[in-house]
file target_4.txt (compact mmCIF, C-alpha atoms and all ligand atoms)
# COMPACT_ATOMS: atom_id res chain seq x y z
CA MET A 1 -13.13 -5.10 17.66
CA LYS A 2 -10.77 -7.44 19.36
CA ASN A 3 -8.61 -5.91 21.99
CA ILE A 4 -5.34 -6.42 20.26
CA LEU A 5 -2.84 -4.15 18.71
CA LEU A 6 -3.17 -3.85 15.00
CA LYS A 7 -0.15 -2.65 13.22
CA VAL A 8 0.04 -1.16 9.80
CA ILE A 9 3.70 -1.39 9.37
CA LEU A 10 6.12 0.25 7.13
CA VAL A 11 9.22 -1.58 6.17
CA CYS A 12 11.98 0.58 4.89
CA SER A 13 14.89 -0.30 2.73
CA ILE A 14 15.66 -3.73 4.15
CA LEU A 15 14.82 -5.36 0.86
CA PHE A 16 16.78 -2.97 -1.26
CA SER A 17 18.35 -4.90 -4.08
CA CYS A 18 21.35 -4.08 -6.18
CA SER A 19 21.16 -3.89 -9.92
CA SER A 20 22.12 -7.04 -11.76
CA LYS A 21 21.24 -9.15 -14.78
CA GLU A 22 18.40 -10.67 -12.79
CA ASP A 23 16.78 -7.25 -12.80
CA GLU A 24 15.99 -7.50 -16.48
CA ILE A 25 12.91 -9.26 -17.80
CA ILE A 26 11.24 -9.25 -21.19
CA ASP A 27 7.87 -7.58 -21.52
CA ASN A 28 5.44 -10.16 -22.90
CA GLU A 29 3.45 -7.58 -24.83
CA THR A 30 6.15 -5.41 -26.36
CA GLY A 31 9.19 -7.68 -26.30
CA ASN A 32 11.15 -4.85 -24.71
CA LEU A 33 13.63 -5.37 -21.91
CA ILE A 34 12.35 -4.05 -18.60
CA ASN A 35 14.57 -3.20 -15.67
CA VAL A 36 12.52 -4.34 -12.69
CA SER A 37 14.89 -2.71 -10.20
CA THR A 38 13.07 0.58 -10.96
CA ASN A 39 10.18 -0.88 -8.94
CA ARG A 40 12.37 -2.29 -6.19
CA GLN A 41 13.47 0.89 -4.49
CA VAL A 42 12.98 2.21 -0.99
CA THR A 43 9.45 3.21 0.09
CA GLY A 44 8.71 6.88 -0.59
CA SER A 45 11.45 7.30 -3.19
CA SER A 46 8.92 7.39 -6.05
CA ALA A 47 6.55 9.80 -4.32
CA ASN A 48 7.12 12.52 -6.92
CA ASP A 49 6.74 10.06 -9.82
CA LEU A 50 3.44 8.87 -8.38
CA LEU A 51 2.13 12.35 -7.61
CA SER A 52 3.20 14.41 -10.61
CA GLY A 53 2.08 14.16 -14.22
CA GLY A 54 4.82 15.85 -16.18
CA ILE A 55 6.77 12.78 -17.27
CA LEU A 56 4.88 9.73 -16.07
CA LYS A 57 1.44 10.64 -17.36
CA LYS A 58 -0.21 7.27 -16.74
CA MET A 59 -0.53 4.91 -13.81
CA ILE A 60 -1.30 1.22 -13.90
CA VAL A 61 -2.36 -0.52 -10.71
CA GLU A 62 -2.03 -4.29 -10.62
CA ILE A 63 -4.24 -5.80 -7.93
CA ALA A 64 -3.34 -9.41 -7.14
CA TYR A 65 -5.04 -11.58 -4.58
CA ILE A 66 -4.84 -15.12 -3.33
CA GLU A 67 -7.93 -17.06 -4.40
CA GLY A 68 -10.72 -16.33 -1.93
CA PHE A 69 -9.21 -13.07 -0.70
CA LYS A 70 -10.26 -10.58 -3.30
CA PRO A 71 -10.83 -7.14 -1.79
CA SER A 72 -14.33 -5.68 -2.00
CA GLU A 73 -15.38 -3.68 -5.05
CA THR A 74 -16.18 -0.78 -2.74
CA ALA A 75 -12.62 -0.74 -1.40
CA ILE A 76 -11.19 -0.85 -4.94
CA ASN A 77 -13.45 2.02 -6.01
CA ASN A 78 -12.46 4.02 -2.94
CA PHE A 79 -8.81 3.39 -3.78
CA LYS A 80 -9.35 4.54 -7.39
CA ASN A 81 -10.99 7.72 -6.14
CA PHE A 82 -8.19 8.32 -3.65
CA ILE A 83 -5.55 7.94 -6.38
CA THR A 84 -7.31 10.20 -8.87
CA SER A 85 -8.03 12.88 -6.29
CA ARG A 86 -4.41 13.08 -5.12
CA THR A 87 -2.26 12.39 -8.17
CA ASN A 88 -1.82 14.10 -11.54
CA LYS A 89 -2.08 11.49 -14.27
CA PRO A 90 -3.45 13.25 -17.36
CA GLU A 91 -3.55 10.01 -19.37
CA GLY A 92 -5.42 8.15 -16.69
CA VAL A 93 -5.18 5.42 -14.08
CA THR A 94 -5.87 1.84 -15.14
CA PHE A 95 -6.57 -1.12 -12.88
CA ILE A 96 -5.89 -4.75 -13.72
CA THR A 97 -6.64 -7.71 -11.48
CA GLN A 98 -5.16 -11.17 -11.22
CA GLU A 99 -5.97 -14.14 -9.03
CA ILE A 100 -3.19 -16.27 -7.58
CA SER A 101 -3.97 -19.93 -6.82
CA PHE A 102 -4.86 -20.76 -3.26
CA THR A 103 -2.17 -22.02 -0.95
CA ASP A 104 -2.81 -23.19 2.58
CA LYS A 105 -0.04 -20.99 3.90
CA GLU A 106 -0.80 -19.67 7.37
CA ALA A 107 1.83 -16.96 7.68
CA TYR A 108 4.01 -15.00 5.31
CA THR A 109 7.40 -13.53 5.99
CA LEU A 110 8.08 -10.32 4.10
CA GLU A 111 10.57 -12.25 1.97
CA GLU A 112 7.74 -14.60 0.95
CA VAL A 113 5.55 -11.62 0.09
CA VAL A 114 8.38 -10.32 -2.08
CA ALA A 115 8.79 -13.75 -3.69
CA LEU A 116 5.11 -13.68 -4.70
CA GLU A 117 5.60 -10.27 -6.25
CA LYS A 118 8.66 -11.43 -8.18
CA GLU A 119 6.79 -14.46 -9.46
CA HIS A 120 3.46 -12.87 -10.37
CA ARG A 121 3.93 -9.15 -11.00
CA THR A 122 3.45 -8.35 -14.68
CA LYS A 123 3.53 -4.53 -14.80
CA TYR A 124 6.63 -2.41 -14.28
CA SER A 125 7.21 1.28 -14.76
CA SER A 126 8.22 2.56 -18.19
CA ASP A 127 9.13 5.94 -19.68
CA THR A 128 5.53 7.11 -19.60
CA THR A 129 3.77 4.97 -17.01
CA ILE A 130 4.27 4.25 -13.35
CA ALA A 131 3.19 0.80 -12.24
CA LEU A 132 1.92 -0.22 -8.83
CA TRP A 133 1.59 -3.68 -7.25
CA VAL A 134 -0.87 -4.42 -4.46
CA LEU A 135 -1.12 -7.96 -3.12
CA PHE A 136 -3.92 -9.29 -0.89
CA VAL A 137 -2.87 -12.43 0.92
CA ASN A 138 -4.50 -15.14 2.93
CA GLY A 139 -2.87 -16.13 6.18
CA LYS A 140 -1.21 -13.50 8.29
CA SER A 141 2.10 -11.79 8.74
CA SER A 142 4.82 -13.92 10.31
CA LYS A 143 5.42 -10.96 12.61
CA ASP A 144 1.97 -11.22 14.22
CA THR A 145 1.93 -12.10 17.91
CA SER A 146 -0.90 -13.07 20.24
CA SER A 147 -1.43 -9.40 21.03
CA SER A 148 -0.48 -7.77 17.78
CA ALA A 149 -1.62 -8.23 14.19
CA ILE A 150 -0.23 -6.51 11.12
CA LEU A 151 -2.84 -5.34 8.60
CA GLY A 152 -0.65 -4.12 5.77
CA ALA A 153 2.90 -3.17 4.86
CA ALA A 154 4.49 -0.85 2.32
CA TYR A 155 7.86 -2.37 1.52
CA TRP A 156 9.11 -0.96 -1.81
CA ASN A 157 8.52 2.24 -3.77
CA THR A 158 5.52 0.91 -5.70
CA SER A 159 4.46 -2.13 -3.69
CA PHE A 160 2.44 -2.94 -0.63
CA VAL A 161 0.75 -5.98 0.84
CA ILE A 162 -2.59 -6.23 2.63
CA TYR A 163 -3.19 -9.10 5.05
CA GLU A 164 -6.72 -9.67 3.81
CA GLU A 165 -7.46 -12.74 5.91
CA THR A 166 -6.51 -10.76 9.02
CA LEU A 167 -8.92 -8.04 7.90
CA HIS A 168 -11.65 -10.66 7.45
CA GLY A 169 -11.18 -11.64 11.10
CA LEU A 170 -11.63 -8.05 12.24
CA SER A 171 -14.58 -6.88 10.17
CA ASN A 172 -18.25 -7.52 9.46
CA GLY A 173 -18.87 -9.00 12.93
CA ALA A 174 -20.76 -7.56 15.89
CA PHE A 175 -19.13 -4.28 16.96
CA GLU A 176 -16.70 -4.58 14.08
CA PRO A 177 -16.37 -2.17 11.16
CA GLU A 178 -17.70 -2.94 7.73
CA ARG A 179 -15.07 -4.81 5.74
CA SER A 180 -14.80 -2.31 2.90
CA LEU A 181 -14.26 0.48 5.41
CA LEU A 182 -11.40 -1.37 7.10
CA GLU A 183 -9.92 -2.39 3.73
CA SER A 184 -10.08 1.16 2.39
CA SER A 185 -8.44 2.60 5.48
CA VAL A 186 -5.50 0.22 5.34
CA ILE A 187 -5.11 0.42 1.53
CA ASN A 188 -5.16 4.24 1.54
CA HIS A 189 -2.80 4.43 4.53
CA GLU A 190 -0.23 2.19 2.81
CA PHE A 191 -0.58 4.11 -0.44
CA GLY A 192 -0.04 7.30 1.58
CA HIS A 193 3.39 5.95 2.53
CA LEU A 194 4.20 5.35 -1.16
CA LEU A 195 3.20 8.99 -1.73
CA GLY A 196 5.90 9.96 0.71
CA LEU A 197 3.84 10.56 3.85
CA THR A 198 4.78 11.57 6.37
CA ASN A 199 8.30 12.96 5.81
CA LEU A 200 9.02 9.85 3.76
CA GLY A 201 9.87 11.38 0.40
CA SER A 202 7.37 14.22 0.31
CA GLU A 203 9.06 17.04 2.16
CA LEU A 204 7.28 18.44 5.21
CA GLN A 205 5.70 21.83 4.47
CA SER A 206 4.88 22.27 8.14
CA ASN A 207 5.97 20.57 11.30
CA HIS A 208 3.48 17.71 11.55
CA GLU A 209 5.52 14.54 11.73
CA ASP A 210 4.88 12.67 14.97
CA THR A 211 8.36 12.37 16.40
CA GLU A 212 7.25 9.55 18.69
CA HIS A 213 5.85 7.63 15.73
CA PRO A 214 8.13 8.54 12.82
CA LYS A 215 6.74 8.74 9.28
CA HIS A 216 3.23 9.35 10.63
CA CYS A 217 1.20 12.51 11.02
CA ILE A 218 0.54 14.15 14.36
CA GLU A 219 -3.11 15.01 13.54
CA GLU A 220 -5.50 12.56 15.17
CA ASP A 221 -8.06 12.68 12.39
CA CYS A 222 -5.55 12.18 9.60
CA LEU A 223 -5.32 9.00 7.52
CA MET A 224 -1.60 8.98 8.35
CA TYR A 225 -2.10 9.15 12.14
CA TRP A 226 -0.17 6.45 13.97
CA ALA A 227 -3.23 5.24 15.89
CA ALA A 228 -4.39 3.55 12.72
CA GLU A 229 -1.97 0.97 14.03
CA THR A 230 -3.94 0.07 17.15
CA SER A 231 -7.33 -1.56 17.39
CA GLN A 232 -8.61 1.26 19.56
CA GLY A 233 -7.15 3.83 17.21
CA ILE A 234 -8.62 2.20 14.15
CA GLY A 235 -11.92 1.80 15.99
CA ASN A 236 -11.96 5.50 16.79
CA MET A 237 -10.92 6.46 13.31
CA LEU A 238 -13.65 4.34 11.73
CA SER A 239 -16.41 5.08 14.22
CA GLY A 240 -17.92 7.72 11.94
CA GLY A 241 -18.36 5.11 9.23
CA GLN A 242 -16.09 7.04 6.86
CA VAL A 243 -12.66 6.21 5.50
CA PRO A 244 -10.15 8.54 7.22
CA THR A 245 -8.88 11.32 4.95
CA LEU A 246 -5.65 13.30 4.84
CA ASP A 247 -5.51 16.45 6.93
CA ALA A 248 -4.56 19.83 5.46
CA GLN A 249 -0.89 19.47 6.35
CA CYS A 250 -0.42 16.12 4.63
CA LEU A 251 -2.30 17.51 1.62
CA GLU A 252 0.11 20.46 1.51
CA ASP A 253 3.07 18.05 1.46
CA LEU A 254 1.57 16.19 -1.50
CA LYS A 255 0.79 19.38 -3.42
CA ALA A 256 4.34 20.63 -2.89
CA ASN A 257 5.65 17.38 -4.36
CA GLY A 258 3.59 17.45 -7.55
CA GLY A 259 0.30 16.10 -6.27
CA LYS A 260 -3.07 17.75 -5.85
ZN ZN A 301 1.89 3.58 8.65
ZN ZN A 302 -1.72 14.31 8.21
call {"tool": "encode", "arguments": {"input": "target_4.txt", "output": "structure tokens"}}
result
Amino acid sequence: MKNILLKVILVCSILFSCSSKEDEIIDNETGNLINVSTNRQVTGSSANDLLSGGILKKMIVEIAYIEGFKPSETAINNFKNFITSRTNKPEGVTFITQEISFTDKEAYTLEEVVALEKEHRTKYSSDTTIALWVLFVNGKSSKDTSSSAILGAAYWNTSFVIYEETLHGLSNGAFEPERSLLESSVINHEFGHLLGLTNLGSELQSNHEDTEHPKHCIEEDCLMYWAAETSQGIGNMLSGGQVPTLDAQCLEDLKANGGK
């Protein structure tokens, strides 16, 4: 792996929008009015809705990708398994996929990532279903520097972005991890933030938040460990050839908040 810092960032609340007329769109299928602001809340605030099955019994995951940057089937299957093993959705989890036309954009600001979501997202949460949006982009994050690359970012309560072209540059080469392994690790880590980890909406059941790296777990083997944000850390975490999993303490937090 290249000797650069890889950051899996978490962006909190800076894109919080107020409710207005613009928040209402018409559902193409049902003709009903949808309030999209439900899906434009702060990261972690829908942790219980995602984890529990009492009210929102279904989940729909919309995977969108820029042409040429579709994530691997293995990574999608790993993500499905991660969702179903952690969340209670008695009426199931459905995946839909859409391709977005190629643009030759080299870097995306978070505002541009949000603009893509606003333009292309088709599924929003309803009375019975919680909807998720995951976007895989070409180019890189505008926040990348010569020594630091961002792999993914959770920015709203049901949305995250994966910088797929950046992942391509860091996988499948000599001494680099397999692409699906890297993809799965970043996807699951970002989803972990939506599930409220760590101390981000799912209340701590034990003292395991890393105070030096807030909203991350102190356990080195945990999916939510901060070192997933450095090339060396990610290298260490992936050296066994397995996608990192949640440690017992993070699992306890999820169970206490309606998960399993
Ligand atoms: Zn993180
Ligand atoms: Zn943990």
call {"tool": "atom_distance", "arguments": {"input": "target_4.txt", "atom1": "atom CA of A:Glu176", "atom2": "atom CA of A:Glu164"}}
result
15.2 Å
call {"tool": "residues_near_ligand", "arguments": {"input": "target_4.txt", "ligand": "ligand ZN 302 (chain A)", "cutoff": "7 Å", "atoms": "all atoms listed in the file", "output": "JSON, numbers by chain"}}
result
{"A": [217, 218, 219, 222, 223, 224, 225, 246, 247, 248, 249, 250]}
call {"tool": "atom_distance", "arguments": {"input": "target_4.txt", "atom1": "atom CA of A:Lys89", "atom2": "atom CA of A:Glu29"}}
result
22.5 Å
call {"tool": "residues_around", "arguments": {"input": "target_4.txt", "residues": "A:Ile25", "least_positions_apart": "5", "cutoff": "7 Å", "atoms": "all atoms listed in the file", "output": "ChimeraX atom specification"}}
result
/A:33-35
call {"tool": "write_last_selection", "arguments": {"input": "target_4.txt", "atoms": "C-alpha atoms", "output": "short mmCIF file (atom, residue, chain, number, x, y, z; two decimals), in the frame of the given file"}}
result
data_model
loop_
_atom_site.label_atom_id
_atom_site.label_comp_id
_atom_site.auth_asym_id
_atom_site.auth_seq_id
_atom_site.Cartn_x
_atom_site.Cartn_y
_atom_site.Cartn_z
CA LEU A 33 13.63 -5.37 -21.91
CA ILE A 34 12.35 -4.05 -18.60
CA ASN A 35 14.57 -3.20 -15.67
#
call {"tool": "residues_near_ligand", "arguments": {"input": "target_4.txt", "ligand": "ligand ZN 301 (chain A)", "cutoff": "12 Å", "atoms": "all atoms listed in the file", "output": "PyMOL selection string"}}
result
chain A and resi 6-12+43-44+150-155+160+185-200+209-210+213-217+222-230+234
call {"tool": "atom_distance", "arguments": {"input": "target_4.txt", "atom1": "atom CA of A:Lys105", "atom2": "atom CA of A:Gly139"}}
result
6.1 Å
call {"tool": "closest_residue", "arguments": {"input": "target_4.txt", "among": "A:Val243, A:Val161, A:Ile66, A:Ile83", "to": "A:Ser141", "atoms": "all atoms listed in the file"}}
result
A:Val161
call {"tool": "closest_residue", "arguments": {"input": "target_4.txt", "among": "A:Gln205, A:Ser146, A:Thr122, A:Thr84", "to": "A:Leu50", "atoms": "only C-alpha atoms"}}
result
A:Thr84
call {"tool": "residues_near_point", "arguments": {"input": "target_4.txt", "point": "(-3.2, 1.2, -15.2)", "cutoff": "8 Å", "atoms": "all atoms listed in the file", "output": "list in words"}}
result
Lys58, Met59, Ile60, Val61, Glu62, Gly92, Val93, Thr94, Phe95, Ile96 and Ala131 of chain A
call {"tool": "closest_residue", "arguments": {"input": "target_4.txt", "among": "A:Gln98, A:Asn77, A:Asn207, A:Ser126", "to": "A:Ser37", "atoms": "only C-alpha atoms"}}
result
A:Ser126
call {"tool": "closest_residue", "arguments": {"input": "target_4.txt", "among": "A:Asn157, A:Phe175, A:Glu112, A:Gly169", "to": "A:Trp133", "atoms": "only C-alpha atoms"}}
result
A:Asn157
call {"tool": "closest_residue", "arguments": {"input": "target_4.txt", "among": "A:Gly31, A:Gly68, A:Pro177, A:Pro90", "to": "A:Gln242", "atoms": "only C-alpha atoms"}}
result
A:Pro177
call {"tool": "residues_around", "arguments": {"input": "target_4.txt", "residues": "A:Asp253", "least_positions_apart": "6", "cutoff": "7 Å", "atoms": "all atoms listed in the file", "output": "PyMOL selection string"}}
result
chain A and resi 202-205
call {"tool": "axis_aligned_box", "arguments": {"input": "target_4.txt", "around": "stretch 104-108 of chain A", "padding_each_side": "3 Å", "output": "lines of an AutoDock Vina configuration file"}}
result
center_x = 0.6
center_y = -19.1
center_z = 5.1
size_x = 12.8
size_y = 14.2
size_z = 11.1
call {"tool": "closest_residue", "arguments": {"input": "target_4.txt", "among": "A:Ile130, A:Val137, A:Ala64, A:Met237", "to": "A:Glu99", "atoms": "only C-alpha atoms"}}
result
A:Ala64
call {"tool": "residues_around", "arguments": {"input": "target_4.txt", "residues": "A:Gly258", "least_positions_apart": "4", "cutoff": "8 Å", "atoms": "only C-alpha atoms", "output": "list of chain:residue names"}}
result
A:Asn48, A:Leu51, A:Ser52, A:Gly53, A:Thr87, A:Asn88, A:Leu254
